[in-house]
file data00.cif (mmCIF, C-alpha atoms)
data_target
#
loop_
_atom_site.group_PDB
_atom_site.id
_atom_site.type_symbol
_atom_site.label_atom_id
_atom_site.label_comp_id
_atom_site.auth_asym_id
_atom_site.auth_seq_id
_atom_site.Cartn_x
_atom_site.Cartn_y
_atom_site.Cartn_z
ATOM 1 C CA MET W 1 -27.635 11.659 8.249
ATOM 2 C CA SER W 2 -26.997 12.770 11.810
ATOM 3 C CA GLN W 3 -23.530 13.003 13.298
ATOM 4 C CA PRO W 4 -22.506 10.017 15.519
ATOM 5 C CA THR W 5 -22.842 10.724 19.217
ATOM 6 C CA GLU W 6 -20.041 10.250 21.723
ATOM 7 C CA ALA W 7 -21.878 7.178 23.022
ATOM 8 C CA ASP W 8 -21.959 5.711 19.510
ATOM 9 C CA LEU W 9 -18.242 6.203 19.096
ATOM 10 C CA ASN W 10 -17.414 4.832 22.531
ATOM 11 C CA ALA W 11 -19.439 1.705 21.803
ATOM 12 C CA LEU W 12 -17.054 0.927 18.953
ATOM 13 C CA ASP W 13 -13.952 0.753 21.127
ATOM 14 C CA ILE W 14 -12.007 -2.512 21.192
ATOM 15 C CA THR W 15 -10.953 -4.124 24.457
ATOM 16 C CA PRO W 16 -8.250 -2.536 26.634
ATOM 17 C CA GLY W 17 -5.952 -5.485 25.955
ATOM 18 C CA GLU W 18 -6.280 -5.083 22.216
ATOM 19 C CA ALA W 19 -5.832 -1.347 22.508
ATOM 20 C CA ALA W 20 -2.570 -1.818 24.378
ATOM 21 C CA GLU W 21 -1.343 -4.137 21.659
ATOM 22 C CA ILE W 22 -1.923 -1.570 18.946
ATOM 23 C CA ASN W 23 -0.504 1.414 20.759
ATOM 24 C CA ALA W 24 -3.808 2.500 22.338
ATOM 25 C CA ILE W 25 -5.655 2.948 19.061
ATOM 26 C CA ALA W 26 -9.260 3.195 20.239
ATOM 27 C CA HIS W 27 -10.856 2.121 16.980
ATOM 28 C CA PRO W 28 -9.532 1.351 13.509
ATOM 29 C CA LEU W 29 -11.195 4.302 11.834
ATOM 30 C CA LEU W 30 -10.951 6.911 14.528
ATOM 31 C CA ALA W 31 -8.200 9.265 15.601
ATOM 32 C CA ASP W 32 -8.145 12.730 17.116
ATOM 33 C CA PRO W 33 -8.541 15.646 14.730
ATOM 34 C CA ALA W 34 -5.308 16.969 13.306
ATOM 35 C CA PRO W 35 -4.362 20.662 13.287
ATOM 36 C CA ASP W 36 -4.762 22.378 9.920
ATOM 37 C CA ALA W 37 -1.181 23.618 9.892
ATOM 38 C CA ASP W 38 0.903 20.590 8.898
ATOM 39 C CA ASP W 39 3.151 20.995 5.876
ATOM 40 C CA ASN W 40 5.078 17.752 6.287
ATOM 41 C CA LEU W 41 2.384 15.101 6.035
ATOM 42 C CA VAL W 42 4.392 12.760 3.831
ATOM 43 C CA ARG W 43 8.168 12.416 3.646
ATOM 44 C CA ILE W 44 10.035 11.118 0.599
ATOM 45 C CA ASP W 45 13.629 10.031 1.085
ATOM 46 C CA SER W 46 15.860 8.288 -1.423
ATOM 47 C CA THR W 47 19.328 6.839 -1.796
ATOM 48 C CA ALA W 48 21.724 7.240 -4.697
ATOM 49 C CA ASP W 49 21.158 3.632 -5.763
ATOM 50 C CA GLY W 50 17.419 3.991 -6.258
ATOM 51 C CA VAL W 51 15.849 3.016 -2.938
ATOM 52 C CA VAL W 52 12.938 5.296 -2.001
ATOM 53 C CA PHE W 53 11.120 5.638 1.323
ATOM 54 C CA VAL W 54 7.618 7.148 1.505
ATOM 55 C CA THR W 55 6.645 7.825 5.114
ATOM 56 C CA ILE W 56 3.226 8.897 6.378
ATOM 57 C CA ASN W 57 4.323 11.530 8.846
ATOM 58 C CA ARG W 58 1.606 12.121 11.446
ATOM 59 C CA PRO W 59 2.951 10.085 14.370
ATOM 60 C CA ASP W 60 1.046 12.118 16.960
ATOM 61 C CA LYS W 61 -2.187 11.061 15.192
ATOM 62 C CA ARG W 62 -0.984 7.483 14.623
ATOM 63 C CA ASN W 63 -0.680 8.377 10.944
ATOM 64 C CA ALA W 64 -4.429 8.646 10.467
ATOM 65 C CA PHE W 65 -5.169 10.306 7.177
ATOM 66 C CA ASP W 66 -7.440 13.069 6.000
ATOM 67 C CA ALA W 67 -7.936 14.712 2.627
ATOM 68 C CA ALA W 68 -4.657 16.643 2.892
ATOM 69 C CA THR W 69 -2.642 13.542 3.771
ATOM 70 C CA ILE W 70 -4.251 11.583 0.946
ATOM 71 C CA ALA W 71 -3.408 14.410 -1.458
ATOM 72 C CA ALA W 72 0.213 14.401 -0.275
ATOM 73 C CA LEU W 73 0.441 10.626 -0.781
ATOM 74 C CA TYR W 74 -1.087 10.977 -4.234
ATOM 75 C CA GLU W 75 1.520 13.566 -5.182
ATOM 76 C CA ALA W 76 4.300 11.303 -3.904
ATOM 77 C CA PHE W 77 3.101 8.295 -5.892
ATOM 78 C CA GLU W 78 2.491 10.381 -9.013
ATOM 79 C CA THR W 79 6.056 11.701 -8.762
ATOM 80 C CA LEU W 80 7.426 8.162 -8.483
ATOM 81 C CA GLN W 81 5.629 7.123 -11.667
ATOM 82 C CA GLY W 82 7.943 9.400 -13.633
ATOM 83 C CA ALA W 83 11.140 8.824 -11.643
ATOM 84 C CA ASP W 84 13.987 7.029 -13.409
ATOM 85 C CA HIS W 85 16.160 4.310 -11.888
ATOM 86 C CA VAL W 86 13.958 3.711 -8.840
ATOM 87 C CA ARG W 87 14.417 0.083 -7.817
ATOM 88 C CA VAL W 88 12.154 -0.283 -4.795
ATOM 89 C CA VAL W 89 9.769 1.924 -2.800
ATOM 90 C CA PHE W 90 9.249 1.209 0.912
ATOM 91 C CA ILE W 91 6.094 2.667 2.476
ATOM 92 C CA ARG W 92 5.996 3.163 6.242
ATOM 93 C CA GLY W 93 4.314 5.110 8.995
ATOM 94 C CA ALA W 94 6.333 7.342 11.315
ATOM 95 C CA GLY W 95 6.560 6.608 15.012
ATOM 96 C CA GLY W 96 5.919 2.880 15.041
ATOM 97 C CA THR W 97 2.376 2.756 13.590
ATOM 98 C CA PHE W 98 1.606 2.272 9.911
ATOM 99 C CA SER W 99 -1.806 3.991 9.908
ATOM 100 C CA ALA W 100 -4.802 4.119 12.219
ATOM 101 C CA GLY W 101 -7.139 4.707 9.274
ATOM 102 C CA ALA W 102 -9.281 7.791 8.831
ATOM 103 C CA ASP W 103 -8.984 10.957 10.893
ATOM 104 C CA LEU W 104 -11.961 11.687 13.174
ATOM 105 C CA ALA W 105 -12.340 15.316 12.089
ATOM 106 C CA TRP W 106 -12.392 14.255 8.459
ATOM 107 C CA MET W 107 -15.084 11.668 9.213
ATOM 108 C CA ALA W 108 -17.136 14.167 11.183
ATOM 109 C CA ASP W 109 -17.078 16.558 8.221
ATOM 110 C CA ALA W 110 -18.113 13.803 5.799
ATOM 111 C CA VAL W 111 -21.222 13.032 7.875
ATOM 112 C CA ARG W 112 -22.536 16.510 7.063
ATOM 113 C CA TRP W 113 -21.720 16.396 3.336
ATOM 114 C CA SER W 114 -24.093 15.486 0.513
ATOM 115 C CA GLU W 115 -23.735 12.194 -1.347
ATOM 116 C CA SER W 116 -22.173 14.079 -4.256
ATOM 117 C CA ASP W 117 -19.604 15.744 -1.982
ATOM 118 C CA ASN W 118 -18.784 12.413 -0.382
ATOM 119 C CA ARG W 119 -18.315 10.834 -3.801
ATOM 120 C CA ASP W 120 -15.873 13.556 -4.806
ATOM 121 C CA ASP W 121 -14.005 13.173 -1.527
ATOM 122 C CA ALA W 122 -13.830 9.371 -1.840
ATOM 123 C CA MET W 123 -12.380 9.740 -5.320
ATOM 124 C CA GLY W 124 -9.339 11.363 -3.706
ATOM 125 C CA LEU W 125 -8.568 8.129 -1.873
ATOM 126 C CA ALA W 126 -9.391 6.076 -4.973
ATOM 127 C CA LYS W 127 -6.968 8.113 -7.091
ATOM 128 C CA MET W 128 -4.240 7.879 -4.459
ATOM 129 C CA LEU W 129 -4.523 4.090 -4.263
ATOM 130 C CA LYS W 130 -4.492 3.804 -8.066
ATOM 131 C CA ALA W 131 -1.387 5.998 -8.220
ATOM 132 C CA LEU W 132 0.302 3.710 -5.676
ATOM 133 C CA HIS W 133 -0.804 0.608 -7.582
ATOM 134 C CA ASP W 134 0.656 2.048 -10.814
ATOM 135 C CA VAL W 135 4.103 3.007 -9.485
ATOM 136 C CA PRO W 136 6.442 1.145 -11.897
ATOM 137 C CA ALA W 137 8.950 0.195 -9.203
ATOM 138 C CA LEU W 138 8.312 -2.592 -6.712
ATOM 139 C CA THR W 139 6.384 -1.209 -3.722
ATOM 140 C CA VAL W 140 6.738 -2.741 -0.261
ATOM 141 C CA ALA W 141 4.636 -1.820 2.780
ATOM 142 C CA ILE W 142 6.370 -2.197 6.146
ATOM 143 C CA VAL W 143 3.728 -2.451 8.848
ATOM 144 C CA GLU W 144 4.384 -1.691 12.501
ATOM 145 C CA GLY W 145 1.749 -1.264 15.206
ATOM 146 C CA ALA W 146 -1.421 -1.238 13.136
ATOM 147 C CA ALA W 147 -2.835 -0.830 9.641
ATOM 148 C CA MET W 148 -6.541 -0.160 9.947
ATOM 149 C CA GLY W 149 -9.278 0.525 7.403
ATOM 150 C CA GLY W 150 -7.802 2.598 4.591
ATOM 151 C CA GLY W 151 -4.351 2.041 6.064
ATOM 152 C CA ALA W 152 -4.772 -1.681 5.421
ATOM 153 C CA GLY W 153 -5.987 -0.718 1.960
ATOM 154 C CA ILE W 154 -2.640 0.954 1.299
ATOM 155 C CA VAL W 155 -0.939 -2.282 2.356
ATOM 156 C CA ALA W 156 -3.090 -4.222 -0.110
ATOM 157 C CA ALA W 157 -2.325 -1.793 -2.947
ATOM 158 C CA CYS W 158 1.417 -2.402 -2.582
ATOM 159 C CA ASP W 159 3.132 -5.191 -4.514
ATOM 160 C CA MET W 160 4.461 -6.728 -1.318
ATOM 161 C CA ALA W 161 4.109 -6.222 2.428
ATOM 162 C CA VAL W 162 5.857 -7.314 5.613
ATOM 163 C CA ALA W 163 4.724 -6.738 9.165
ATOM 164 C CA VAL W 164 6.284 -6.836 12.600
ATOM 165 C CA LYS W 165 4.885 -9.596 14.789
ATOM 166 C CA GLY W 166 1.988 -8.294 16.857
ATOM 167 C CA ALA W 167 0.866 -5.737 14.276
ATOM 168 C CA LYS W 168 -2.924 -5.453 14.010
ATOM 169 C CA PHE W 169 -5.181 -5.115 10.970
ATOM 170 C CA ALA W 170 -8.903 -4.591 10.442
ATOM 171 C CA PHE W 171 -11.432 -3.560 7.834
ATOM 172 C CA SER W 172 -13.991 -2.328 10.330
ATOM 173 C CA GLU W 173 -16.074 0.036 8.230
ATOM 174 C CA VAL W 174 -19.277 -1.969 8.751
ATOM 175 C CA ARG W 175 -19.110 -1.132 12.468
ATOM 176 C CA LEU W 176 -19.816 2.431 11.421
ATOM 177 C CA GLY W 177 -22.511 1.477 8.925
ATOM 178 C CA LEU W 178 -20.027 2.032 6.082
ATOM 179 C CA ILE W 179 -18.263 -0.163 3.531
ATOM 180 C CA PRO W 180 -14.578 -0.323 2.493
ATOM 181 C CA GLY W 181 -15.428 0.991 -0.963
ATOM 182 C CA THR W 182 -12.338 2.434 -2.618
ATOM 183 C CA ILE W 183 -9.893 -0.037 -1.058
ATOM 184 C CA ALA W 184 -11.956 -3.080 -2.074
ATOM 185 C CA PRO W 185 -10.340 -3.772 -5.490
ATOM 186 C CA TYR W 186 -6.874 -3.992 -3.938
ATOM 187 C CA VAL W 187 -7.916 -6.064 -0.934
ATOM 188 C CA VAL W 188 -9.838 -8.519 -3.124
ATOM 189 C CA GLU W 189 -6.816 -8.793 -5.422
ATOM 190 C CA ALA W 190 -4.541 -9.432 -2.436
ATOM 191 C CA VAL W 191 -6.576 -11.926 -0.400
ATOM 192 C CA GLY W 192 -9.280 -13.234 -2.755
ATOM 193 C CA ALA W 193 -13.029 -12.682 -2.782
ATOM 194 C CA ARG W 194 -13.998 -15.198 -0.118
ATOM 195 C CA THR W 195 -11.502 -13.949 2.481
ATOM 196 C CA ALA W 196 -12.353 -10.333 1.637
ATOM 197 C CA ARG W 197 -16.036 -11.032 2.248
ATOM 198 C CA ALA W 198 -15.257 -12.492 5.670
ATOM 199 C CA LEU W 199 -12.938 -9.649 6.671
ATOM 200 C CA PHE W 200 -15.241 -6.899 5.382
ATOM 201 C CA MET W 201 -18.464 -8.350 6.769
ATOM 202 C CA THR W 202 -17.199 -9.293 10.244
ATOM 203 C CA ALA W 203 -14.858 -6.313 10.823
ATOM 204 C CA GLU W 204 -12.542 -8.865 12.456
ATOM 205 C CA LEU W 205 -9.376 -7.619 14.125
ATOM 206 C CA PHE W 206 -6.487 -9.848 13.068
ATOM 207 C CA ASP W 207 -2.745 -9.982 13.658
ATOM 208 C CA ALA W 208 0.326 -10.231 11.432
ATOM 209 C CA ASP W 209 0.338 -14.027 11.411
ATOM 210 C CA ALA W 210 -3.280 -14.112 10.228
ATOM 211 C CA ALA W 211 -2.532 -11.397 7.667
ATOM 212 C CA LYS W 212 0.188 -13.646 6.260
ATOM 213 C CA ASP W 213 -2.208 -16.591 6.115
ATOM 214 C CA PHE W 214 -4.755 -14.415 4.297
ATOM 215 C CA GLY W 215 -2.166 -13.196 1.781
ATOM 216 C CA LEU W 216 -2.307 -9.545 2.818
ATOM 217 C CA ILE W 217 1.372 -9.639 3.816
ATOM 218 C CA GLY W 218 4.146 -11.989 2.758
ATOM 219 C CA GLN W 219 6.473 -12.066 5.745
ATOM 220 C CA VAL W 220 6.340 -11.542 9.502
ATOM 221 C CA LEU W 221 9.379 -9.983 11.192
ATOM 222 C CA ASP W 222 9.979 -11.044 14.795
ATOM 223 C CA SER W 223 10.626 -7.485 15.963
ATOM 224 C CA ALA W 224 11.089 -3.938 14.714
ATOM 225 C CA ASP W 225 14.825 -4.434 15.174
ATOM 226 C CA GLN W 226 14.761 -6.566 12.024
ATOM 227 C CA ILE W 227 13.337 -3.860 9.772
ATOM 228 C CA ASP W 228 16.630 -2.219 8.831
ATOM 229 C CA GLY W 229 18.192 -5.578 8.025
ATOM 230 C CA PHE W 230 15.235 -6.551 5.875
ATOM 231 C CA ILE W 231 15.379 -3.253 3.984
ATOM 232 C CA ALA W 232 19.131 -3.578 3.354
ATOM 233 C CA SER W 233 18.946 -7.196 2.242
ATOM 234 C CA PHE W 234 15.900 -6.727 0.037
ATOM 235 C CA SER W 235 17.304 -3.553 -1.548
ATOM 236 C CA ASP W 236 20.535 -5.372 -2.391
ATOM 237 C CA SER W 237 18.603 -8.216 -4.010
ATOM 238 C CA MET W 238 16.673 -5.764 -6.200
ATOM 239 C CA LYS W 239 19.925 -4.375 -7.627
ATOM 240 C CA ALA W 240 20.225 -7.549 -9.710
ATOM 241 C CA CYS W 241 16.938 -6.682 -11.469
ATOM 242 C CA ALA W 242 16.719 -4.280 -14.413
ATOM 243 C CA PRO W 243 14.560 -1.315 -13.348
ATOM 244 C CA GLY W 244 12.755 -1.040 -16.671
ATOM 245 C CA ALA W 245 12.053 -4.761 -16.838
ATOM 246 C CA VAL W 246 10.652 -4.674 -13.303
ATOM 247 C CA GLY W 247 8.107 -2.069 -14.375
ATOM 248 C CA ASP W 248 7.286 -4.014 -17.539
ATOM 249 C CA ALA W 249 6.803 -7.211 -15.512
ATOM 250 C CA LYS W 250 4.394 -5.372 -13.211
ATOM 251 C CA ARG W 251 2.389 -4.046 -16.157
ATOM 252 C CA LEU W 252 2.363 -7.553 -17.649
ATOM 253 C CA VAL W 253 0.740 -8.990 -14.525
ATOM 254 C CA ASN W 254 -1.803 -6.176 -14.425
ATOM 255 C CA HIS W 255 -2.680 -6.826 -18.078
ATOM 256 C CA VAL W 256 -3.071 -10.603 -17.969
ATOM 257 C CA ALA W 257 -4.827 -10.827 -14.587
ATOM 258 C CA GLY W 258 -8.409 -11.906 -15.138
ATOM 259 C CA HIS W 259 -8.010 -12.259 -18.911
ATOM 260 C CA ARG W 260 -9.054 -15.434 -20.646
ATOM 261 C CA ILE W 261 -6.094 -17.235 -22.203
ATOM 262 C CA ASP W 262 -7.014 -16.901 -25.863
ATOM 263 C CA HIS W 263 -5.210 -16.093 -29.088
ATOM 264 C CA ALA W 264 -5.354 -12.352 -28.463
ATOM 265 C CA LEU W 265 -3.656 -12.729 -25.093
ATOM 266 C CA MET W 266 -1.078 -15.103 -26.568
ATOM 267 C CA GLU W 267 -0.246 -12.537 -29.230
ATOM 268 C CA GLU W 268 -0.013 -9.717 -26.704
ATOM 269 C CA THR W 269 2.357 -11.627 -24.411
ATOM 270 C CA ALA W 270 4.501 -12.656 -27.407
ATOM 271 C CA LYS W 271 4.738 -8.998 -28.475
ATOM 272 C CA ARG W 272 5.818 -7.981 -24.986
ATOM 273 C CA ILE W 273 8.632 -10.527 -24.675
ATOM 274 C CA ALA W 274 9.803 -9.735 -28.225
ATOM 275 C CA ARG W 275 9.925 -6.027 -27.330
ATOM 276 C CA ALA W 276 11.903 -6.861 -24.179
ATOM 277 C CA ARG W 277 14.411 -8.989 -26.087
ATOM 278 C CA VAL W 278 15.362 -6.145 -28.426
ATOM 279 C CA SER W 279 15.290 -3.438 -25.715
ATOM 280 C CA PRO W 280 18.557 -1.983 -24.369
ATOM 281 C CA GLU W 281 18.013 -3.725 -21.038
ATOM 282 C CA GLY W 282 17.209 -7.031 -22.720
ATOM 283 C CA GLN W 283 20.286 -6.843 -24.920
ATOM 284 C CA GLU W 284 22.503 -5.895 -21.980
ATOM 285 C CA GLY W 285 21.065 -8.504 -19.636
ATOM 286 C CA VAL W 286 21.330 -11.446 -22.001
ATOM 287 C CA GLY W 287 24.745 -10.285 -23.198
ATOM 288 C CA ALA W 288 26.012 -10.059 -19.621
ATOM 289 C CA PHE W 289 24.693 -13.544 -18.855
ATOM 290 C CA LEU W 290 26.399 -15.075 -21.904
ATOM 291 C CA GLU W 291 29.642 -13.221 -21.145
ATOM 292 C CA LYS W 292 29.491 -14.269 -17.464
ATOM 293 C CA ARG W 293 29.570 -10.712 -16.127
ATOM 294 C CA LYS W 294 27.199 -8.480 -14.202
ATOM 295 C CA PRO W 295 24.820 -6.290 -16.217
ATOM 296 C CA ARG W 296 25.453 -2.563 -15.943
ATOM 297 C CA TRP W 297 22.496 -1.969 -13.609
ATOM 298 C CA ALA W 298 23.928 -4.430 -11.072
ATOM 299 C CA GLU W 299 27.451 -3.003 -10.963
#
call {"tool": "encode", "arguments": {"input": "data00.cif", "output": "structure tokens"}}
result
Amino acid sequence: MSQPTEADLNALDITPGEAAEINAIAHPLLADPAPDADDNLVRIDSTADGVVFVTINRPDKRNAFDAATIAALYEAFETLQGADHVRVVFIRGAGGTFSAGADLAWMADAVRWSESDNRDDAMGLAKMLKALHDVPALTVAIVEGAAMGGGAGIVAACDMAVAVKGAKFAFSEVRLGLIPGTIAPYVVEAVGARTARALFMTAELFDADAAKDFGLIGQVLDSADQIDGFIASFSDSMKACAPGAVGDAKRLVNHVAGHRIDHALMEETAKRIARARVSPEGQEGVGAFLEKRKPRWAE
């Protein structure tokens, strides 16, 4: 396969008006090459009460990602799978943009690779998304500016997402003769097969209100000024929930989704609730309710 020409890339640009709305992102999958020396691609911050922030930290590249950034995100999500007492994980992009999608230099390299090399490279993104999907704590994407291509895939892989009004989304891989392969399972789960077909096949650019209608996000914030208030309020609400039970509830959904409701599934769900009832959290939670007090995790 030959490398795309400058004319090919220019032909993919969106209109100037749309570009202005998404902080001059020229195309969902394209961003300038990043310098090799960048040892702070992903930031992890946390509070004493179990609130974690994972931030894609390439604001000068509109948080476009390459293999190194994907690896850093994978490490962050893998770490969170073993972290105790994490109540909620917020995922953001630095500098007012969630993610512009794939880095241009990374894409240019992939054009020259063999199919086998490309498969190995794509598995990096697939593993990162699976690690995010499997984080036991509740994960919440906070979208500002734009979430394009794989960036929108990260949004779909989270348990919840909110976006600031005016944020832009697109799955525009078909404009490059590609498909949104590794992000597809999470997008289909989030929006359903019919909507995913329309979004994937048309490469439609859509805003936060449409993303809410599609089911990709759950709430639209009027402005970025509301983000801190949302984070504080939502974090406080999660303190009433037992951290272990939250993870078990997430695994329960993942297990039953798509399963036929038969005797085997009935037995499995009965086993899970029985295990929860005799667990330390279950005993504490029910005891606190009967004694009209807060459970220990909410104090």
call {"tool": "closest_residue", "arguments": {"input": "data00.cif", "among": "W:Arg62, W:Arg293, W:His85, W:Arg119", "to": "W:Thr97", "atoms": "all atoms listed in the file"}}
result
W:Arg62
call {"tool": "closest_residue", "arguments": {"input": "data00.cif", "among": "W:Gly96, W:Gly215, W:Gly244, W:Pro185", "to": "W:Ala276", "atoms": "all atoms listed in the file"}}
result
W:Gly244
call {"tool": "resolve_selection", "arguments": {"input": "data00.cif", "expression": "the PyMOL selection byres ((chain W and resi 208) around 8)", "output": "ChimeraX atom specification"}}
result
/W:163-169,206-207,209-212,217,220
call {"tool": "residues_around", "arguments": {"input": "data00.cif", "residues": "W:Arg197", "least_positions_apart": "4", "cutoff": "12 Å", "atoms": "only C-alpha atoms", "output": "short mmCIF file (atom, residue, chain, number, x, y, z; two decimals) with C-alpha atoms, in the frame of the given file"}}
result
data_model
loop_
_atom_site.label_atom_id
_atom_site.label_comp_id
_atom_site.auth_asym_id
_atom_site.auth_seq_id
_atom_site.Cartn_x
_atom_site.Cartn_y
_atom_site.Cartn_z
CA PHE W 171 -11.43 -3.56 7.83
CA VAL W 174 -19.28 -1.97 8.75
CA ILE W 179 -18.26 -0.16 3.53
CA PRO W 180 -14.58 -0.32 2.49
CA ALA W 184 -11.96 -3.08 -2.07
CA VAL W 187 -7.92 -6.06 -0.93
CA VAL W 188 -9.84 -8.52 -3.12
CA VAL W 191 -6.58 -11.93 -0.40
CA GLY W 192 -9.28 -13.23 -2.76
CA ALA W 193 -13.03 -12.68 -2.78
CA MET W 201 -18.46 -8.35 6.77
CA THR W 202 -17.20 -9.29 10.24
CA ALA W 203 -14.86 -6.31 10.82
CA GLU W 204 -12.54 -8.86 12.46
CA PHE W 214 -4.76 -14.42 4.30
#
call {"tool": "residues_around", "arguments": {"input": "data00.cif", "residues": "W:Ala190", "least_positions_apart": "6", "cutoff": "8 Å", "atoms": "only C-alpha atoms", "output": "list in words"}}
result
Ala156, Ala157, Gly215 and Leu216 of chain W
call {"tool": "write_last_selection", "arguments": {"input": "data00.cif", "atoms": "C-alpha atoms", "output": "short mmCIF file (atom, residue, chain, number, x, y, z; two decimals), in the frame of the given file"}}
result
data_model
loop_
_atom_site.label_atom_id
_atom_site.label_comp_id
_atom_site.auth_asym_id
_atom_site.auth_seq_id
_atom_site.Cartn_x
_atom_site.Cartn_y
_atom_site.Cartn_z
CA ALA W 156 -3.09 -4.22 -0.11
CA ALA W 157 -2.33 -1.79 -2.95
CA GLY W 215 -2.17 -13.20 1.78
CA LEU W 216 -2.31 -9.54 2.82
#
call {"tool": "resolve_selection", "arguments": {"input": "data00.cif", "expression": "the PyMOL selection byres ((chain W and resi 227) around 10)", "output": "list in words"}}
result
Ile142, Val143, Glu144, Val162, Ala163, Val164, Leu221, Asp222, Ser223, Ala224, Asp225, Gln226, Asp228, Gly229, Phe230, Ile231, Ala232 and Ser233 of chain W
call {"tool": "write_last_selection", "arguments": {"input": "data00.cif", "atoms": "C-alpha atoms", "output": "PDB file, keeping the file's coordinate frame"}}
result
ATOM      1  CA  ILE W 142       6.370  -2.197   6.146  1.00  0.00           C
ATOM      2  CA  VAL W 143       3.728  -2.451   8.848  1.00  0.00           C
ATOM      3  CA  GLU W 144       4.384  -1.691  12.501  1.00  0.00           C
ATOM      4  CA  VAL W 162       5.857  -7.314   5.613  1.00  0.00           C
ATOM      5  CA  ALA W 163       4.724  -6.738   9.165  1.00  0.00           C
ATOM      6  CA  VAL W 164       6.284  -6.836  12.600  1.00  0.00           C
ATOM      7  CA  LEU W 221       9.379  -9.983  11.192  1.00  0.00           C
ATOM      8  CA  ASP W 222       9.979 -11.044  14.795  1.00  0.00           C
ATOM      9  CA  SER W 223      10.626  -7.485  15.963  1.00  0.00           C
ATOM     10  CA  ALA W 224      11.089  -3.938  14.714  1.00  0.00           C
ATOM     11  CA  ASP W 225      14.825  -4.434  15.174  1.00  0.00           C
ATOM     12  CA  GLN W 226      14.761  -6.566  12.024  1.00  0.00           C
ATOM     13  CA  ASP W 228      16.630  -2.219   8.831  1.00  0.00           C
ATOM     14  CA  GLY W 229      18.192  -5.578   8.025  1.00  0.00           C
ATOM     15  CA  PHE W 230      15.235  -6.551   5.875  1.00  0.00           C
ATOM     16  CA  ILE W 231      15.379  -3.253   3.984  1.00  0.00           C
ATOM     17  CA  ALA W 232      19.131  -3.578   3.354  1.00  0.00           C
ATOM     18  CA  SER W 233      18.946  -7.196   2.242  1.00  0.00           C
TER      19      SER W 233
END
call {"tool": "residues_around", "arguments": {"input": "data00.cif", "residues": "W:Ala298", "least_positions_apart": "4", "cutoff": "9 Å", "atoms": "only C-alpha atoms", "output": "MDAnalysis selection string"}}
result
chainID W and resid 238:242 294
call {"tool": "closest_residue", "arguments": {"input": "data00.cif", "among": "W:Thr269, W:Thr69, W:Asn63, W:Thr139", "to": "W:Leu41", "atoms": "all atoms listed in the file"}}
result
W:Thr69
call {"tool": "atom_distance", "arguments": {"input": "data00.cif", "atom1": "atom CA of W:Ala196", "atom2": "atom CA of W:Phe65"}}
result
22.5 Å
call {"tool": "resolve_selection", "arguments": {"input": "data00.cif", "expression": "the PyMOL selection byres ((chain W and resi 247) around 12)", "output": "count of residues only"}}
result
31
call {"tool": "closest_residue", "arguments": {"input": "data00.cif", "among": "W:His259, W:Phe77, W:Met107, W:Asp60", "to": "W:Leu176", "atoms": "all atoms listed in the file"}}
result
W:Met107
call {"tool": "residues_around", "arguments": {"input": "data00.cif", "residues": "W:Phe90", "least_positions_apart": "6", "cutoff": "6 Å", "atoms": "only C-alpha atoms", "output": "count of residues only"}}
result
4
call {"tool": "residues_near_point", "arguments": {"input": "data00.cif", "point": "(-6.6, 3.7, 6.5)", "cutoff": "12 Å", "atoms": "all atoms listed in the file", "output": "VMD selection string"}}
result
chain W and resid 27 to 31 56 62 to 67 69 to 70 93 97 to 104 107 125 128 to 129 146 to 157 169 to 173 180 to 183
call {"tool": "atom_distance", "arguments": {"input": "data00.cif", "atom1": "atom CA of W:Leu205", "atom2": "atom CA of W:Gly177"}}
result
16.8 Å
call {"tool": "atom_distance", "arguments": {"input": "data00.cif", "atom1": "atom CA of W:Asp49", "atom2": "atom CA of W:Pro295"}}
result
14.9 Å
call {"tool": "residues_around", "arguments": {"input": "data00.cif", "residues": "W:Ile44", "least_positions_apart": "3", "cutoff": "8 Å", "atoms": "only C-alpha atoms", "output": "list of chain:residue names"}}
result
W:Val52, W:Phe53, W:Val54, W:Thr55, W:Ala76
call {"tool": "closest_residue", "arguments": {"input": "data00.cif", "among": "W:Gly145, W:Ile91, W:Ser46, W:Arg296", "to": "W:Leu132", "atoms": "all atoms listed in the file"}}
result
W:Ile91
call {"tool": "build_atoms", "arguments": {"input": "data00.cif", "residues": "stretch 118-124 of chain W", "atoms": "N, CA and C atoms", "output": "compact mmCIF listing (two decimals), in the coordinates of the input"}}
result
# COMPACT_ATOMS: atom_id res chain seq x y z
N ASN W 118 -19.48 13.60 -0.88
CA ASN W 118 -18.78 12.41 -0.38
C ASN W 118 -18.17 11.61 -1.53
N ARG W 119 -18.87 11.54 -2.65
CA ARG W 119 -18.32 10.83 -3.80
C ARG W 119 -17.04 11.51 -4.29
N ASP W 120 -17.07 12.83 -4.37
CA ASP W 120 -15.87 13.56 -4.81
C ASP W 120 -14.72 13.35 -3.83
N ASP W 121 -15.03 13.37 -2.54
CA ASP W 121 -14.00 13.17 -1.53
C ASP W 121 -13.42 11.76 -1.61
N ALA W 122 -14.30 10.76 -1.76
CA ALA W 122 -13.83 9.37 -1.84
C ALA W 122 -12.96 9.14 -3.06
N MET W 123 -13.20 9.89 -4.13
CA MET W 123 -12.38 9.74 -5.32
C MET W 123 -10.94 10.15 -5.06
N GLY W 124 -10.71 11.01 -4.07
CA GLY W 124 -9.34 11.36 -3.71
C GLY W 124 -8.57 10.15 -3.22
